[in-house]
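What follows is a set of notes on a single structure, which appears directly below.
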There are 2 protein chains.
Amino acid sequence: MNNPVHRLLNPRAIALVGASRNPDHFSYPLLEIVLRRGYKGAVYPVNPKADEILGLTCYPSVRDIPGEVDTAMIMTAKKFAAQAIEDCIARGVRGVVIMTAGFAEQGEEGRRQQAELVARAREAGVRIIGPNTLGFFSAPAHLDLIMSGFIREGDTALITQSGNLTQSITFPGAQRGLGFRYVVGLGNQADVQIPDLIRYFREDPGTKAIAVHIEGLQAGRAFMEEVRATTPVKPVIVVKSGRTESGARAAASHTASLAGDDAVYQAAFRQCGALTVDSIQNLISALLAFQQSRLPRGNRVCIMSEGGGDCALTADACVRRGLTVPALAPATREKLAAILPPNGATANPIDLAGWEGFAGATECALADESVDGVLLVGGFAGNFHISPRDFDREMEYVDRLCNLVSTHDKPVLIYSYTGYAPSRMTARLAAAGIPLFLDHHDAVQAMGALADYQRLREQIAERRFPADLPPPATDPGKQAPNGYLLEPEAKALLRPYGLPFPDERWVQSAAEAVAAAESIGYPVAMKIVSRDIVHKSEAGGVRIGLADAAAVRAAHDGILAAAKSYNPKARVQGLLIAGMAETGGEECIIGGLRDPVFGPVLMFGLGGIFVEVLKDVVFRVAPIDERDAETMMDDIAGRALLAGARGRPPLDRAALREALLNVSRLLCERPEIAELDINPVRLYANGLMALDARIRIQHENEEQP
Amino acid sequence: MNNPVHRLLNPRAIALVGASRNPDHFSYPLLEIVLRRGYKGAVYPVNPKADEILGLTCYPSVRDIPGEVDTAMIMTAKKFAAQAIEDCIARGVRGVVIMTAGFAEQGEEGRRQQAELVARAREAGVRIIGPNTLGFFSAPAHLDLIMSGFIREGDTALITQSGNLTQSITFPGAQRGLGFRYVVGLGNQADVQIPDLIRYFREDPGTKAIAVHIEGLQAGRAFMEEVRATTPVKPVIVVKSGRTESGARAAASHTASLAGDDAVYQAAFRQCGALTVDSIQNLISALLAFQQSRLPRGNRVCIMSEGGGDCALTADACVRRGLTVPALAPATREKLAAILPPNGATANPIDLAGWEGFAGATECALADESVDGVLLVGGFAGNFHISPRDFDREMEYVDRLCNLVSTHDKPVLIYSYTGYAPSRMTARLAAAGIPLFLDHHDAVQAMGALADYQRLREQIAERRFPADLPPPATDPGKQAPNGYLLEPEAKALLRPYGLPFPDERWVQSAAEAVAAAESIGYPVAMKIVSRDIVHKSEAGGVRIGLADAAAVRAAHDGILAAAKSYNPKARVQGLLIAGMAETGGEECIIGGLRDPVFGPVLMFGLGGIFVEVLKDVVFRVAPIDERDAETMMDDIAGRALLAGARGRPPLDRAALREALLNVSRLLCERPEIAELDINPVRLYANGLMALDARIRIQHENEEQP
């Protein structure tokens, strides 16, 4: 494999720079674990003050190491880190892990020092993991550089940005049977970043699933590209911290104030096919489920249990998780009736009325075309059995179940409290690749993750992705200055993108206003145009339904007076006279913003109370494709209004889809747009009309994607 | 204690009717466990075919037992159960547990047999638990009649309706340190029901918290009364199965179609102060938290961890759970800065940058007035420590922490993966009553449960409850027949309850219609009145804004023609002429229904899209008090509209509150009302106007509460 990360994570020899003879220094147990784990390559401790550590010859500098070194781990005090990198470069080391902290995470000075280190390393062709990282674990190399000692080998790859969270995942994971192929703490991501590792793990045939803990991304689009390429091959499961952190955006536009940090991240995850979970518990459950390689074809689950209580709780949890609990085929129910005791229930959930039926019932369920996966809950007692004889009898059924599962391609997941007491039974289930969960909820979340992945995999295959869409035009047109555009300026920017606005004139006097109104035709609306008044209605700067010249003149004077009283210093750039839009339809909002991580982002929602009271809006990273536009319309809570709720005709989804695609294109082609609200857009049964637009320009080349 | 349940659960002697000598019969290990657990009373096996079982003299019948028996457990085949009860009655046994199944849960015949058994027992003053139950566990009596063998003694009482779910709670609970004082499986609840046990456990000073698994209640109001009386003293934590089960109600009214089974249960739980959880995992977490007796005064949590990743994940989970993570006092931050390493963070969450700070930081946090509880996450390594010396050092901090917690009244909960590996450290924490959770999410759910309970306890104390409110009038007035009332009949029923309707006339001809319109004053609305047309608008049976006599005449003919074409067989009882309501304000819906478990239930929601598209409605069991009415208005998603969103004046909450209280009173006083929709109610800045009403009458005395 040519990926430079490969050699870094699977070195033929390693140097531990800053290793210590002092058993209280963290590097000492770290070295002990490296030796204990069975790493086959050479290990070179580096410390000018020691000759030998734990029986290994110690070298004063990396330069002095006699053999080739693929990966050096730098654990020195910060002041020695730069020299250590120079030594690595001089010795031809191509991979460096900087555990040392005190860089970008500690402010401006650290950021500068980090940038220098990285620049020097890049120049020399050296890749860096860190700084401020806990290191990595590589099962193929039997190399544990994260001082865990407890980590279990397996086929999951884990990428984190937090040392203690890595422990919160790998330790409980080990207790629950979750094994890792690679665990990499990226720390400050100064050089090797999350997308680099996703690409490497995608290409690694031994990696079955990729888990990523994200605190923040630096290259949002690169992340999306890599996940998008990975999802068809193996799942990428993301847990993101800081989900509820409120964004610190300026809030003059609806779009920006509704975005927060998390809404854009979640939109990006959805678009690229990343599977998201919201707790470590759910992450571990999902990863346990992916260890068994079977995927449900859909979300139809058959539940069975020894008794009704477990059945009902599990069915509830399934429905809440978006899984369905379908009726079983009549033939299946007949087969079940023949094997269950009389007080059993052959509906779904299946009440086995005792544990003796579970292997037979699983066989029936797996054979049913209407079932995509089986959840067995509370179905094993294992070590909790009172009598050894019951244990042995149940063990026969477990054998039968394991053999059965091995011949089917549908997933079978189990919740049983027997998981709390390891036994021959739990070992047999583990050997057969049947995951055992410790709660109904966990098992349901795991099945949900499998079903989600199956759906994401199908969806991503049909989707055109930002990278596949036409690149933005290179001529951004005439440059507007930073700040809010006037309404007519904003509309002029939008008009080439096919958005229909009412017939309008920008006028400078009452006489011009009347002339404009006569040319447009009464009734008209009138709005103030002022760079100092962003919220026009609030300032008394909007009048509608003006029916004749007298009304226009009165409105002209009224608006100017109101504006003066609202803000005596406001400079007024005139008035906008506009034809009245048709009534009816529904109000929508189409918005846009430039996100520091993901670049241009599109927003859509229903207007009025939906956006203002219910905050019922949806985001997508631009550009979007037709399918994204459709899912934007489908993802809002008020989606039924688009279909024509309350006896009204369906609204023009095709026109709305076009508008979303066009605004998406605008946002990509005009990266100087920092915020955009087209609000309201009035959507009719036929067509739509944009009634107002607000755009904030901010030229920030360094922020542009 | 005089509660008859007391003696049943704490018998001085027990009879095991149907005990067997066969070690494969379930009663054999059951008896073994009874003997092993250390029950101090006499144990009398009863079996006509055995002389002795496990060294105990066996009696042919309960009548033959020489000593007094307080509780008999009947484990016979069903055909012997009735005789066994007779024998118990003859011997003066006052408490019977019927494990035998095949009664009400198996259909009509079983229901009848069960009713006979209960009637016979009541007549004789015998209380029954079951039938179809797994029995009970009593820690005070050291009596284990549920064949668990693993159950841990403690101070939680558990009531269930499902045998296997009992195991799903008690076994994992035992692994996680949760102990039980009583565990009672109620099975079919033929005699002793959930409310009886809640009362008993409330009065039992040794019970600290009560957990209830509910599949279905028989006496909804009795349950509410008991929980309401218990919540000020100790928490009642409810997990209900069948939450997502869709109700099988007729759906001609919005209210009934929106109710489902679960919405009414959840409303009842909320009104009486029951704490609800949605999984066994969250139930166990909550119960572990209640084992430590400290409650947070509010929902402000201080989070601390060794590192930032755990901090952020936990803060997210807190905010999602409705907990806040407040800024710490400047003095606290100064104290923290003095004890944390330079790369620590003194904000909340506190990043300890290593585990050494947690005892000191906890001390700072507990002393801060802005903190109600402390969550320590990932803060202990315990057995996962690499070196025994680190373990010992950490153990010193754990001692310090335990001493600290014992002198404070704020709860301290811990998530640490060390919980997976029991050690001196976990034992020390358990001894100090500090619960240890296995995931961030669990610890947050537990803190949430504590904060919820504190809030519920405060709320329930201020609330007038159905039982405290005036009893329904005894004269239900003139009886309407079953079925839908005509709109003018429905309004006539509502008018005495103070709901304002537009001025209206019920007319029978075009001439009467015109006369009515002239008397009311134009413009008017006209609506069809027909018992065969429930959905008037759909039938073309509504016209509004009729401005003169000609329009009234045309509408009259048009409506009758439309009705005929909609339903040629519809009999028409005339037309309703009504004054037009003022425009403006917001549309609401006030509804009611009679629930088979809880009796009269009130519904409120905003009208139009809120009820029809978003299903944004809220239920309460009637009668409600002023505070219920206020929380109904506050619990809808569109609540901001009531406060005057989008620059409009606030709407008249006082008028709405009055209307809700009045409709609540109506529902209680007229139990023949099966369904009620007052829709729309137009709510203005001053007052409100009810524009339409639909009522379905169903006299079902046996269903009335």
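Identifiers for the structure tokens are assigned positionally: chains receive A, B, ... in sequence, residues are indexed from 1 per chain, and ligands are indexed from 1 in the order shown.
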
List every residue of chain A that has an atom at most 7 Å from any atom of chain B, giving for each one its closest atom pair and the distance in Å to one decimal, counting only C-alpha atoms, sorted by chain and then by ascending residue number, as a tab-separated table.
```
residue	atom	partner	partner_atom	distance
A:Pro29	CA	B:Ile386	CA	6.9
A:Ser162	CA	B:Gly309	CA	5.1
A:Asn164	CA	B:Gly307	CA	5.7
A:Leu165	CA	B:Gly309	CA	5.5
A:Ser168	CA	B:Tyr417	CA	6.4
A:Phe171	CA	B:Tyr417	CA	6.7
A:Pro172	CA	B:Tyr417	CA	6.1
A:Ser241	CA	B:Leu313	CA	5.0
A:Gly242	CA	B:Ala312	CA	5.6
A:Arg243	CA	B:Asp316	CA	6.0
A:Thr244	CA	B:Asp316	CA	5.4
A:Ser279	CA	B:His441	CA	6.4
A:Gln281	CA	B:Asp439	CA	6.3
A:Glu306	CA	B:Asn164	CA	6.8
A:Gly307	CA	B:Asn164	CA	5.7
A:Gly308	CA	B:Ser162	CA	6.8
A:Gly309	CA	B:Ser162	CA	5.1
A:Asp310	CA	B:Leu165	CA	5.6
A:Ala312	CA	B:Ser241	CA	5.4
A:Leu313	CA	B:Ser241	CA	5.0
A:Asp316	CA	B:Thr244	CA	5.4
A:Val319	CA	B:Thr244	CA	6.9
A:Gly378	CA	B:Ser168	CA	6.9
A:Ile386	CA	B:Pro29	CA	6.9
A:Tyr417	CA	B:Pro172	CA	6.1
A:Asp439	CA	B:Gln281	CA	6.3
A:His441	CA	B:Ser279	CA	6.4
A:Val613	CA	B:Ala640	CA	6.3
A:Leu614	CA	B:Gly638	CA	6.7
A:Gly638	CA	B:Val613	CA	6.6
A:Ala640	CA	B:Val613	CA	6.3
```

*Tell me, as number ranges by chain, which residues lie within 10 Å of range 120-131 of chain A, counting only C-alpha atoms; anything in the same chain fewer than 2 positions away does not count.*
A: 4-5, 8, 71-75, 81-82, 85-86, 88-90, 92-105, 114-118, 133-136, 161, 184-193

_Would you pick out the contacts of Ala211 in chain B at 8 Å or less, using only C-alpha atoms, so that residues sharing its chain but fewer than 4 positions from it are not included, and give the list as a count of residues only?_
10

*May I ask for the distance between CA of Cys588 in chain A and CA of Val611 in chain A, given in Å to one decimal place?*
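Value for the CA of Cys588 in chain A-CA of Val611 in chain A distance: 8.4 Å.
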
_I'd like the contact shell of Asp155 in chain B - 10 Å cut-off, only C-alpha atoms, skipping same-chain residues fewer than 5 positions apart - returned as a PyMOL selection string._
chain B and resi 139-140+178-182+205-210+287+290-291

_Just want the 10 Å neighbourhood of Arg221 in chain A, counted on only C-alpha atoms, with same-chain residues fewer than 2 positions away dropped. Output as a list in words._
Pro195, Leu217, Gln218, Ala219, Phe223, Met224, Glu225, Glu226, Val227, Ala268, Cys272, Pro466, Ala467, Val597, Phe598, Gly599, Val621 and Pro705 of chain A

Let me see the file: selected residues, N, CA and C atoms, as a PDB file, in the first residue's frame.
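Saved the output as out-v5.pdb:
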```pdb
ATOM      1  N   PRO A 195      -9.624  13.154   7.203  1.00  0.00           N
ATOM      2  CA  PRO A 195      -9.868  12.607   5.862  1.00  0.00           C
ATOM      3  C   PRO A 195      -8.742  11.691   5.379  1.00  0.00           C
ATOM      4  N   LEU A 217     -13.727  19.797  12.506  1.00  0.00           N
ATOM      5  CA  LEU A 217     -13.004  19.462  11.289  1.00  0.00           C
ATOM      6  C   LEU A 217     -12.295  20.706  10.796  1.00  0.00           C
ATOM      7  N   GLN A 218     -11.165  20.509  10.118  1.00  0.00           N
ATOM      8  CA  GLN A 218     -10.529  21.652   9.481  1.00  0.00           C
ATOM      9  C   GLN A 218     -10.931  21.722   8.013  1.00  0.00           C
ATOM     10  N   ALA A 219     -10.991  20.564   7.380  1.00  0.00           N
ATOM     11  CA  ALA A 219     -11.313  20.541   5.950  1.00  0.00           C
ATOM     12  C   ALA A 219     -12.627  19.797   5.774  1.00  0.00           C
ATOM     13  N   PHE A 223     -13.370  15.924   4.142  1.00  0.00           N
ATOM     14  CA  PHE A 223     -14.013  14.901   4.960  1.00  0.00           C
ATOM     15  C   PHE A 223     -15.216  14.312   4.230  1.00  0.00           C
ATOM     16  N   MET A 224     -16.049  15.191   3.673  1.00  0.00           N
ATOM     17  CA  MET A 224     -17.241  14.713   2.967  1.00  0.00           C
ATOM     18  C   MET A 224     -16.861  13.831   1.781  1.00  0.00           C
ATOM     19  N   GLU A 225     -15.835  14.248   1.049  1.00  0.00           N
ATOM     20  CA  GLU A 225     -15.422  13.466  -0.119  1.00  0.00           C
ATOM     21  C   GLU A 225     -14.976  12.065   0.292  1.00  0.00           C
ATOM     22  N   GLU A 226     -14.186  11.996   1.365  1.00  0.00           N
ATOM     23  CA  GLU A 226     -13.652  10.686   1.769  1.00  0.00           C
ATOM     24  C   GLU A 226     -14.755   9.789   2.315  1.00  0.00           C
ATOM     25  N   VAL A 227     -15.651  10.365   3.087  1.00  0.00           N
ATOM     26  CA  VAL A 227     -16.739   9.544   3.644  1.00  0.00           C
ATOM     27  C   VAL A 227     -17.623   9.063   2.505  1.00  0.00           C
ATOM     28  N   ALA A 268     -23.972  18.054   6.636  1.00  0.00           N
ATOM     29  CA  ALA A 268     -22.841  17.503   5.883  1.00  0.00           C
ATOM     30  C   ALA A 268     -22.749  15.987   6.082  1.00  0.00           C
ATOM     31  N   CYS A 272     -23.036  13.156   2.946  1.00  0.00           N
ATOM     32  CA  CYS A 272     -21.947  12.285   2.489  1.00  0.00           C
ATOM     33  C   CYS A 272     -22.159  10.838   2.918  1.00  0.00           C
ATOM     34  N   PRO A 466     -21.044  16.938  -4.580  1.00  0.00           N
ATOM     35  CA  PRO A 466     -20.401  18.206  -4.944  1.00  0.00           C
ATOM     36  C   PRO A 466     -19.263  18.055  -5.943  1.00  0.00           C
ATOM     37  N   ALA A 467     -18.367  17.103  -5.712  1.00  0.00           N
ATOM     38  CA  ALA A 467     -17.213  16.997  -6.604  1.00  0.00           C
ATOM     39  C   ALA A 467     -17.617  16.606  -8.024  1.00  0.00           C
ATOM     40  N   VAL A 597     -16.091  25.891   8.023  1.00  0.00           N
ATOM     41  CA  VAL A 597     -15.597  24.517   7.825  1.00  0.00           C
ATOM     42  C   VAL A 597     -16.053  23.939   6.488  1.00  0.00           C
ATOM     43  N   PHE A 598     -17.308  24.185   6.128  1.00  0.00           N
ATOM     44  CA  PHE A 598     -17.887  23.498   4.967  1.00  0.00           C
ATOM     45  C   PHE A 598     -18.093  24.420   3.756  1.00  0.00           C
ATOM     46  N   GLY A 599     -17.826  25.734   3.894  1.00  0.00           N
ATOM     47  CA  GLY A 599     -18.035  26.621   2.761  1.00  0.00           C
ATOM     48  C   GLY A 599     -19.499  26.938   2.564  1.00  0.00           C
ATOM     49  N   VAL A 621     -24.947  21.355   2.529  1.00  0.00           N
ATOM     50  CA  VAL A 621     -23.739  21.945   1.965  1.00  0.00           C
ATOM     51  C   VAL A 621     -23.941  22.075   0.458  1.00  0.00           C
ATOM     52  N   PRO A 705     -13.742  28.347   0.557  1.00  0.00           N
ATOM     53  CA  PRO A 705     -13.399  26.925   0.431  1.00  0.00           C
ATOM     54  C   PRO A 705     -12.512  26.678  -0.776  1.00  0.00           C
TER      55      PRO A 705
END
```

*Have a look at CA of Asp532 in chain B and CA of Gln573 in chain B and let me know their distance in Å, one decimal.*
9.5 Å
